[in-house]
Structures are given as C-alpha cells and as structure tokens.
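Undergrad: Data: query34.cif, mmCIF, C-alpha atoms and all ligand atoms.
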```cif
data_protein
#
loop_
_atom_site.label_atom_id
_atom_site.label_comp_id
_atom_site.auth_asym_id
_atom_site.auth_seq_id
_atom_site.Cartn_x
_atom_site.Cartn_y
_atom_site.Cartn_z
CA MET A 1 121.84 103.91 105.04
CA PHE A 2 120.43 107.31 105.95
CA LYS A 3 123.08 108.94 103.74
CA VAL A 4 122.20 106.68 100.81
CA THR A 5 118.47 107.30 101.40
CA GLY A 6 119.29 111.03 101.40
CA TYR A 7 121.00 110.72 97.98
CA VAL A 8 117.97 108.85 96.62
CA MET A 9 115.60 111.54 97.90
CA LYS A 10 117.74 114.32 96.41
CA LEU A 11 118.12 112.60 93.03
CA ALA A 12 114.52 111.35 92.73
CA PRO A 13 113.12 114.58 91.18
CA ILE A 14 115.85 114.52 88.49
CA GLY A 15 115.08 110.85 87.78
CA VAL A 16 111.33 111.54 87.56
CA PHE A 17 112.01 114.51 85.27
CA ALA A 18 114.18 112.33 83.00
CA MET A 19 111.57 109.57 82.80
CA ILE A 20 108.76 112.01 81.98
CA SER A 21 110.98 113.78 79.40
CA TYR A 22 111.59 110.43 77.73
CA THR A 23 107.85 109.73 77.54
CA VAL A 24 107.05 113.20 76.17
CA ALA A 25 109.90 113.03 73.63
CA SER A 26 108.84 109.58 72.44
CA PHE A 27 105.04 109.83 72.46
CA GLY A 28 104.28 113.56 72.36
CA ILE A 29 103.04 116.06 74.96
CA ALA A 30 99.40 114.91 74.55
CA MET A 31 100.40 111.66 76.26
CA LEU A 32 100.64 113.56 79.56
CA ILE A 33 96.83 113.93 79.76
CA PRO A 34 95.97 110.21 80.02
CA LEU A 35 99.01 109.72 82.27
CA GLY A 36 97.77 112.52 84.57
CA LYS A 37 94.38 110.79 84.70
CA LEU A 38 96.08 107.53 85.65
CA ILE A 39 97.95 109.24 88.50
CA PHE A 40 94.72 110.74 89.86
CA ALA A 41 92.83 107.47 89.46
CA VAL A 42 95.50 105.54 91.40
CA LEU A 43 95.73 108.26 94.06
CA PHE A 44 91.95 108.42 94.50
CA ALA A 45 91.59 104.61 94.62
CA THR A 46 94.44 104.33 97.14
CA VAL A 47 93.00 106.96 99.50
CA LEU A 48 89.53 105.40 99.18
CA PHE A 49 90.96 101.96 99.87
CA ILE A 50 92.85 103.09 102.99
CA CYS A 51 89.80 104.96 104.35
CA LEU A 52 87.48 101.98 103.73
CA VAL A 53 89.89 99.51 105.37
CA ALA A 54 90.41 101.89 108.32
CA MET A 55 86.64 102.27 108.78
CA ILE A 56 85.98 98.51 108.65
CA ALA A 57 88.89 97.77 111.00
CA THR A 58 87.70 100.46 113.42
CA ALA A 59 84.18 99.01 113.44
CA LEU A 60 85.52 95.50 114.05
CA THR A 61 88.07 96.26 116.74
CA HIS A 62 86.96 99.55 118.38
CA ILE A 63 90.54 100.79 117.90
CA ASN A 64 90.49 104.04 115.94
CA PHE A 65 92.54 103.18 112.85
CA PHE A 66 92.62 106.81 111.74
CA HIS A 67 94.60 107.40 114.95
CA VAL A 68 96.94 104.57 113.90
CA ILE A 69 97.49 106.31 110.56
CA ARG A 70 98.04 109.66 112.31
CA CYS A 71 100.85 108.17 114.41
CA LEU A 72 102.46 106.76 111.27
CA LYS A 73 102.41 110.06 109.35
CA ASP A 74 106.19 110.65 109.23
CA ILE A 75 106.84 107.00 108.35
CA LEU A 76 104.36 107.15 105.49
CA PHE A 77 106.17 110.26 104.22
CA LEU A 78 109.46 108.35 104.39
CA ALA A 79 107.91 105.50 102.36
CA PHE A 80 106.43 108.04 99.94
CA SER A 81 109.68 109.90 99.35
CA THR A 82 111.96 106.86 99.09
CA ALA A 83 109.41 104.65 97.25
CA SER A 84 110.78 101.77 99.27
CA SER A 85 108.82 99.99 101.97
CA GLU A 86 112.01 98.25 103.07
CA ALA A 87 113.48 101.67 103.99
CA ALA A 88 110.48 102.32 106.25
CA LEU A 89 110.40 98.85 107.83
CA PRO A 90 112.65 99.37 110.89
CA VAL A 91 111.04 102.67 111.93
CA ALA A 92 107.55 101.31 111.30
CA MET A 93 108.25 98.32 113.56
CA GLN A 94 109.61 100.58 116.26
CA ARG A 95 106.57 102.87 116.06
CA LEU A 96 104.11 99.98 116.33
CA GLU A 97 105.85 98.83 119.50
CA THR A 98 105.60 102.38 120.85
CA LEU A 99 101.86 102.17 120.20
CA GLY A 100 101.56 99.13 122.43
CA VAL A 101 101.69 96.30 119.86
CA PRO A 102 103.80 93.48 121.39
CA LYS A 103 107.18 92.78 119.81
CA ASN A 104 106.35 89.13 118.98
CA ILE A 105 103.37 90.22 116.87
CA VAL A 106 105.28 93.04 115.16
CA THR A 107 108.30 90.91 114.28
CA PHE A 108 106.09 88.19 112.82
CA VAL A 109 103.31 90.08 111.03
CA MET A 110 105.32 92.95 109.51
CA PRO A 111 107.92 90.88 107.59
CA THR A 112 105.22 88.39 106.53
CA GLY A 113 103.02 91.24 105.33
CA TYR A 114 105.93 92.66 103.33
CA SER A 115 105.94 89.41 101.34
CA PHE A 116 102.21 88.78 101.03
CA ASN A 117 100.29 91.97 101.69
CA LEU A 118 101.33 94.70 99.28
CA ASP A 119 97.88 96.23 98.74
CA GLY A 120 99.15 99.38 97.07
CA SER A 121 101.17 97.44 94.50
CA THR A 122 98.23 95.17 93.66
CA LEU A 123 95.90 98.13 93.25
CA TYR A 124 98.41 99.97 91.05
CA SER A 125 99.11 96.91 88.85
CA SER A 126 95.42 96.43 88.00
CA ALA A 127 95.04 100.13 87.19
CA ALA A 128 98.17 100.08 85.00
CA ILE A 129 97.04 97.00 83.07
CA LEU A 130 93.58 98.46 82.41
CA PHE A 131 95.22 101.75 81.40
CA ILE A 132 97.41 99.99 78.80
CA ALA A 133 94.42 98.06 77.42
CA GLN A 134 92.30 101.22 77.15
CA LEU A 135 95.15 103.24 75.61
CA TYR A 136 95.37 100.74 72.74
CA GLY A 137 91.59 100.37 72.45
CA ILE A 138 91.65 96.73 73.55
CA ASP A 139 88.28 95.75 74.93
CA LEU A 140 88.70 93.33 77.83
CA SER A 141 85.64 91.28 78.75
CA LEU A 142 84.56 91.04 82.39
CA GLY A 143 85.90 87.48 82.49
CA GLN A 144 89.32 88.65 81.24
CA GLN A 145 89.36 91.47 83.76
CA LEU A 146 88.60 89.05 86.59
CA LEU A 147 91.32 86.70 85.33
CA ILE A 148 93.81 89.60 85.25
CA MET A 149 92.76 90.55 88.78
CA ILE A 150 93.33 87.00 90.09
CA THR A 151 96.67 86.76 88.23
CA LEU A 152 97.79 90.05 89.77
CA MET A 153 96.60 89.09 93.25
CA LEU A 154 98.90 86.06 93.03
CA SER A 155 101.84 87.55 91.12
CA THR A 156 102.11 90.65 93.29
CA LYS A 157 102.83 88.41 96.29
CA GLY A 158 106.43 88.19 95.14
CA ILE A 159 107.05 91.94 94.80
CA ALA A 160 110.04 93.19 96.79
CA GLY A 161 109.69 96.38 98.82
CA VAL A 162 112.15 98.30 96.65
CA PRO A 163 111.57 101.11 94.14
CA GLY A 164 110.21 100.07 90.75
CA ALA A 165 109.52 96.42 91.59
CA GLY A 166 105.82 96.68 90.68
CA ILE A 167 106.40 97.66 87.04
CA ILE A 168 108.06 94.27 86.43
CA VAL A 169 104.83 92.51 87.41
CA VAL A 170 102.90 94.85 85.11
CA ALA A 171 105.28 94.04 82.22
CA ALA A 172 104.99 90.29 82.82
CA THR A 173 101.18 90.40 83.11
CA ALA A 174 100.85 92.61 80.01
CA ALA A 175 102.90 90.08 78.03
CA ALA A 176 100.84 87.17 79.38
CA PHE A 177 97.58 88.82 78.23
CA ASP A 178 98.97 89.93 74.85
CA LEU A 179 98.89 93.62 75.68
CA PRO A 180 101.44 95.82 73.81
CA ALA A 181 104.81 96.05 75.56
CA GLU A 182 105.10 99.74 74.48
CA GLY A 183 102.27 100.46 76.91
CA VAL A 184 104.57 99.48 79.76
CA ALA A 185 107.19 101.93 78.46
CA ILE A 186 104.57 104.68 78.55
CA VAL A 187 103.59 103.91 82.17
CA LEU A 188 107.31 103.80 83.05
CA GLY A 189 107.45 107.56 82.49
CA ILE A 190 105.32 108.23 85.54
CA ASP A 191 106.10 105.07 87.45
CA ARG A 192 108.11 106.85 90.12
CA ILE A 193 105.12 108.98 91.09
CA LEU A 194 102.84 105.95 91.18
CA ASP A 195 105.53 104.06 93.09
CA MET A 196 105.55 106.70 95.83
CA ILE A 197 101.76 106.42 96.21
CA ARG A 198 101.67 102.60 96.26
CA THR A 199 104.62 102.33 98.65
CA ALA A 200 102.92 104.56 101.23
CA CYS A 201 99.80 102.38 100.84
CA ASN A 202 101.85 99.17 101.26
CA VAL A 203 103.41 100.41 104.51
CA CYS A 204 100.10 101.75 105.82
CA GLY A 205 98.30 98.48 105.00
CA ASN A 206 100.90 96.35 106.74
CA CYS A 207 100.95 98.51 109.86
CA MET A 208 97.15 98.39 110.06
CA ALA A 209 97.21 94.60 109.56
CA THR A 210 99.70 94.26 112.42
CA VAL A 211 97.49 96.23 114.83
CA LEU A 212 94.49 94.19 113.67
CA VAL A 213 96.22 90.85 114.25
CA ALA A 214 97.39 92.02 117.70
CA ARG A 215 93.78 92.91 118.55
CA TRP A 216 92.44 89.57 117.28
CA GLU A 217 95.08 87.73 119.30
CA HIS A 218 93.96 89.73 122.39
CA GLU A 219 97.50 91.10 122.72
CA ILE A 220 96.25 94.68 122.68
CA THR A 221 92.97 96.32 123.69
CA ALA A 222 91.37 99.54 122.53
CA ALA A 223 92.15 101.08 125.95
CA VAL A 224 95.84 100.09 125.81
CA PHE A 225 96.14 101.55 122.31
CA LYS A 226 94.40 104.79 123.33
CA LYS A 227 96.75 105.18 126.32
CA ALA A 228 99.84 104.55 124.15
CA TYR A 229 98.47 106.96 121.51
CA ASP A 230 97.91 109.73 124.07
CA GLU A 231 101.36 109.17 125.59
CA TYR A 232 102.98 109.26 122.14
CA PHE A 233 101.45 112.63 121.28
CA HIS A 234 102.03 114.01 124.76
CA LYS A 235 105.74 113.08 124.46
CA LYS A 236 105.85 114.66 121.00
CA GLU A 237 104.32 117.89 122.28
CA THR A 238 106.72 118.17 125.21
CA ASN A 239 109.78 117.08 123.23
CA PRO A 240 109.23 117.50 119.46
CA ILE A 241 112.77 116.27 118.61
CA ALA A 242 112.27 112.91 120.31
N1 LIG A 301 108.10 100.25 95.68
C1 LIG A 301 107.12 99.35 96.24
C2 LIG A 301 107.43 99.14 97.71
O1 LIG A 301 108.54 99.38 98.13
C3 LIG A 301 107.06 98.05 95.54
C4 LIG A 301 106.53 98.25 94.13
O2 LIG A 301 107.28 98.74 93.28
O3 LIG A 301 105.37 97.94 93.88
O4 LIG A 301 106.58 98.72 98.46
#
```
Hey, can you dump this file as structure tokens for me?
Ligand code: ASP
TA:
Amino acid sequence: MFKVTGYVMKLAPIGVFAMISYTVASFGIAMLIPLGKLIFAVLFATVLFICLVAMIATALTHINFFHVIRCLKDILFLAFSTASSEAALPVAMQRLETLGVPKNIVTFVMPTGYSFNLDGSTLYSSAAILFIAQLYGIDLSLGQQLLIMITLMLSTKGIAGVPGAGIIVVAATAAAFDLPAEGVAIVLGIDRILDMIRTACNVCGNCMATVLVARWEHEITAAVFKKAYDEYFHKKETNPIA
C-alpha cells in the first residue's frame, strides 16, 4: 500500500498538470484567473472553518484543539498529498490512541465520521456549485442557495474517502439544479488541488470529532490529553524517527 501511495504521490503533479492543460486548451488561459480565485476561496474558507471549530471545541472541552491539530500535522500532510482520507485512516486512528483517546471510541467514531462527517467535501461542493452558477451568470436566489446547501449536506454523506469522489456530487447537484454541465468540466481542471485541501479538512474534522466525543463521554480529560500530548512530543524530540 505504501508503494502504491508512493506512485500516486509521484504521479499526482503530472496528473494535475494534464488536467490544468486540458482546461487551458479548452477554455483559454483567462480561465485560470477565476479558477485561482476559487482555490483561494476554498482554502481560506477551510482554514477559517477549522480554526472556528477548534476554538469552539476548545472553549467547550478545555482541551486545546490546536494542540490536537499539531499532533496530527504529518497525517494531515499524508491526506493532503494523497487526496485520500482512507489512506490516512489507519495512522490517524493510531495517533488518536497515542493521544489518550480510548480504542473503543476511536474505532467507532472514526469510521462513522468517514461516512457522515466529511466537512471539507461539503464546504468544497457548495463553493464549486456557486462558482459554476456565477461563471455562467446564473443568479441564484437565497432560497435556491439554501436548498442547494441542504441538498449538498445530505448528498455529501455518501462520499467515499478516495480521490475525486466529491466532483461526482458536484456534477449530480449541478444537473439537478439545471446548471451547465460544462461548468463541472472547468472545475475538474483544478479538482486535484481542491481535493487535497478538502481531504486534509475531512481528516482533521473527524479526528477533532473523535476527541470531542471521547471528552463528552468522559473517556478522556483535559489533563490526560495534556499528559499524552507532552509525552508524544517528548518522545519525538528524543527519538525523531519513532
Ligand atoms: N478525496 C476526499 C477524501 O478522501 C473525498 C472527496 O473527493 O471529496 O476525503
């Protein structure tokens, strides 16, 4: 699996290059400007979302969720580079146990979250749908936007944690709301980049949810987490390879 993941990571830049070349060749170089704006909008919204959730969770539980994210750094990079939350699942589960979350909580919440809690994919889908509508000058009323949001909140529940799964939901939703299918082809050109961002968000969201559930179930306390956090970084400092 690591070998296959390695191939994917090595070939990803060529794949991204090919997809962007296709978009530029089909729609012209000027198309890169709105696409660049979409990438920044999704990136900004994702970072804002993670920070807001981490702040609220920290206030509610007294566990520092920015510390949780810090311990997950390498796993989030794995999710980012492979664009697959499934690839990051085993290591993420292991890491949460290292941080003091009991195995019964991890093995229940993480797989469930992978089916029902893909925040990054939901966020991306709404941005992509609005992008397609704006690109073609289609004015969506507030009611329509809310309806799209509810549709996406439900339809993204079925997304698999594999690369490119989210664009299928975007294509289906665009068709359901009579948005041009060519718009989906345009987004496809940069989908890999957006996929990397949303996958990291999906993994981060599920790990944070697992710690939160463990706290609510009184299976972990702020002191236990802090101790495990300190031990984790102490071990890393004394043995960086471990
Ligand atoms: N690639 C995403 C993930 O693995 C799913 C998606 O395409 O939205 O979480």
Undergrad: Could you list, with a cut-off of 6 Å and counting all atoms listed in the file, the residues of chain A near ligand LIG 301 (chain A), each shown with its nearest atom pair and the distance in Å rounded to one decimal, rows sorted by chain and ascending number, as a Markdown table?
TA:
```
| residue | atom | partner | partner_atom | distance |
| --- | --- | --- | --- | --- |
| A:Ala83 | CA | A:LIG301 | N1 | 4.9 |
| A:Ser84 | CA | A:LIG301 | O1 | 3.5 |
| A:Ser85 | CA | A:LIG301 | O1 | 3.9 |
| A:Ser121 | CA | A:LIG301 | O3 | 4.3 |
| A:Ala160 | CA | A:LIG301 | C3 | 5.8 |
| A:Gly161 | CA | A:LIG301 | O1 | 3.3 |
| A:Val162 | CA | A:LIG301 | O1 | 4.0 |
| A:Pro163 | CA | A:LIG301 | N1 | 3.9 |
| A:Gly164 | CA | A:LIG301 | O2 | 4.1 |
| A:Ala165 | CA | A:LIG301 | O2 | 3.6 |
| A:Gly166 | CA | A:LIG301 | O3 | 3.5 |
| A:Asp195 | CA | A:LIG301 | N1 | 5.3 |
| A:Thr199 | CA | A:LIG301 | O4 | 4.1 |
| A:Asn202 | CA | A:LIG301 | O4 | 5.5 |
```
Undergrad: Taking into account all atoms listed in the file, which residue in the set A:Val106, A:Ala25, A:Ile197, A:Leu130 is nearest to Leu142 in chain A?
TA: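 Checking each candidate against Leu142 in chain A, we get A:Leu130 as the closest.
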Undergrad: Counting all atoms listed in the file, figure out which residue out of A:Ala209, A:Val224, A:Ala45, A:Leu179 gets nearest to Ile138 in chain A.
TA: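 Selected residue with least distance to Ile138 in chain A: A:Leu179.
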Undergrad: Which residues of range 95-153 of chain A sit at most 9 Å from range 46-69 of chain A, using all atoms listed in the file? Give each one's shortest atom pair and distance in Å (one decimal place), in chain and ascending residue order, as JSON lines.
TA:
```
{"residue": "A:Leu96", "atom": "CA", "partner": "A:Val68", "partner_atom": "CA", "distance": 8.9}
{"residue": "A:Leu99", "atom": "CA", "partner": "A:Val68", "partner_atom": "CA", "distance": 8.3}
{"residue": "A:Asp119", "atom": "CA", "partner": "A:Thr46", "partner_atom": "CA", "distance": 8.9}
{"residue": "A:Gly120", "atom": "CA", "partner": "A:Thr46", "partner_atom": "CA", "distance": 6.8}
{"residue": "A:Leu123", "atom": "CA", "partner": "A:Thr46", "partner_atom": "CA", "distance": 7.5}
{"residue": "A:Tyr124", "atom": "CA", "partner": "A:Thr46", "partner_atom": "CA", "distance": 8.5}
```
Undergrad: Can you spit out the residues from that selection as a short mmCIF file (atom, residue, chain, number, x, y, z; two decimals), in the frame of the given file, using C-alpha atoms?
TA:
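Below is the file that was written, selection30.cif:
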```
data_model
loop_
_atom_site.label_atom_id
_atom_site.label_comp_id
_atom_site.auth_asym_id
_atom_site.auth_seq_id
_atom_site.Cartn_x
_atom_site.Cartn_y
_atom_site.Cartn_z
CA LEU A 96 104.11 99.98 116.33
CA LEU A 99 101.86 102.17 120.20
CA ASP A 119 97.88 96.23 98.74
CA GLY A 120 99.15 99.38 97.07
CA LEU A 123 95.90 98.13 93.25
CA TYR A 124 98.41 99.97 91.05
#
```
Undergrad: Could you tell me how far CA of Cys71 in chain A sits from CA of Ile39 in chain A, in Å to one decimal place?
TA: 26.1 Å
Undergrad: Between CA of Val101 in chain A and CA of Met153 in chain A, measure the distance and give it in Å to one decimal.
TA: 28.0 Å
Undergrad: Can you tell me which residues surround range 3-19 of chain A at a distance of at most 7 Å, considering all atoms listed in the file, apart from same-chain residues fewer than 5 positions away, and format the answer as a list in words?
TA: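 The residues that qualify are Ser81, Thr82, Gly189, Ile190 and Arg192 of chain A.
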Undergrad: Extract, using all atoms listed in the file, all DNA, RNA and protein residues at most 9 Å from Asn117 in chain A, discarding same-chain residues fewer than 5 positions from it, and format them as an NGL selection string.
TA: :A and (112 or 122 or 156-157 or 202 or 205-206 or 209)
Undergrad: Using all atoms listed in the file, can you tell me which of A:Val203, A:Leu35, A:Ala127, A:Ile105 comes closest to Ile186 in chain A?
TA: A:Leu35
Undergrad: From the list A:Thr210, A:Ser26, A:Gln134, A:Asn239, which residue is nearest Val109 in chain A when using all atoms listed in the file?
TA: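 Closest residue, counting all atoms listed in the file: A:Thr210.
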Undergrad: To one decimal place, how far is CA of Leu78 in chain A from CA of Lys103 in chain A in Å?
TA: 22.0 Å
Undergrad: Counting only C-alpha atoms, which of A:Val187, A:Ile167, A:Met1, A:Leu147 gets nearest to Thr23 in chain A?
TA: A:Val187
Undergrad: Counting only C-alpha atoms, which residues sit no farther than 7 Å from the position (97.1, 99.1, 120.6) in the file's frame? I'd like them as a PyMOL selection string.
TA: chain A and resi 99-101+211+220-222+224-226
Undergrad: Since the input lacks some atoms of range 214-232 of chain A, please model N, CA and C atoms and print them as a short mmCIF file (atom, residue, chain, number, x, y, z; two decimals), in the frame of the given file.
TA:
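Just written: part_3.cif:
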```cif
data_model
loop_
_atom_site.label_atom_id
_atom_site.label_comp_id
_atom_site.auth_asym_id
_atom_site.auth_seq_id
_atom_site.Cartn_x
_atom_site.Cartn_y
_atom_site.Cartn_z
N ALA A 214 97.15 91.91 116.25
CA ALA A 214 97.39 92.02 117.70
C ALA A 214 96.07 92.08 118.46
N ARG A 215 95.09 92.77 117.90
CA ARG A 215 93.78 92.91 118.55
C ARG A 215 93.06 91.55 118.55
N TRP A 216 93.10 90.87 117.39
CA TRP A 216 92.44 89.57 117.28
C TRP A 216 93.05 88.54 118.23
N GLU A 217 94.37 88.68 118.42
CA GLU A 217 95.08 87.73 119.30
C GLU A 217 94.96 88.15 120.77
N HIS A 218 94.17 89.18 121.04
CA HIS A 218 93.96 89.73 122.39
C HIS A 218 95.27 90.17 123.04
N GLU A 219 96.21 90.63 122.19
CA GLU A 219 97.50 91.10 122.72
C GLU A 219 97.44 92.61 122.96
N ILE A 220 96.41 93.24 122.45
CA ILE A 220 96.25 94.68 122.68
C ILE A 220 94.74 94.98 122.77
N THR A 221 94.38 95.93 123.61
CA THR A 221 92.97 96.32 123.69
C THR A 221 92.84 97.76 123.21
N ALA A 222 91.59 98.16 122.98
CA ALA A 222 91.37 99.54 122.53
C ALA A 222 91.88 100.53 123.58
N ALA A 223 91.72 100.17 124.87
CA ALA A 223 92.15 101.08 125.95
C ALA A 223 93.68 101.20 125.99
N VAL A 224 94.36 100.06 125.81
CA VAL A 224 95.84 100.09 125.81
C VAL A 224 96.34 100.94 124.64
N PHE A 225 95.71 100.76 123.47
CA PHE A 225 96.14 101.55 122.31
C PHE A 225 95.91 103.03 122.56
N LYS A 226 94.74 103.37 123.10
CA LYS A 226 94.40 104.79 123.33
C LYS A 226 95.42 105.42 124.28
N LYS A 227 95.81 104.66 125.33
CA LYS A 227 96.75 105.18 126.32
C LYS A 227 98.12 105.43 125.63
N ALA A 228 98.55 104.42 124.85
CA ALA A 228 99.84 104.55 124.15
C ALA A 228 99.79 105.71 123.16
N TYR A 229 98.65 105.88 122.49
CA TYR A 229 98.47 106.96 121.51
C TYR A 229 98.58 108.32 122.19
N ASP A 230 97.86 108.46 123.34
CA ASP A 230 97.91 109.73 124.07
C ASP A 230 99.32 110.03 124.56
N GLU A 231 99.99 108.98 125.09
CA GLU A 231 101.36 109.17 125.59
C GLU A 231 102.29 109.58 124.45
N TYR A 232 102.11 108.96 123.28
CA TYR A 232 102.98 109.26 122.14
C TYR A 232 102.86 110.74 121.76
#
```
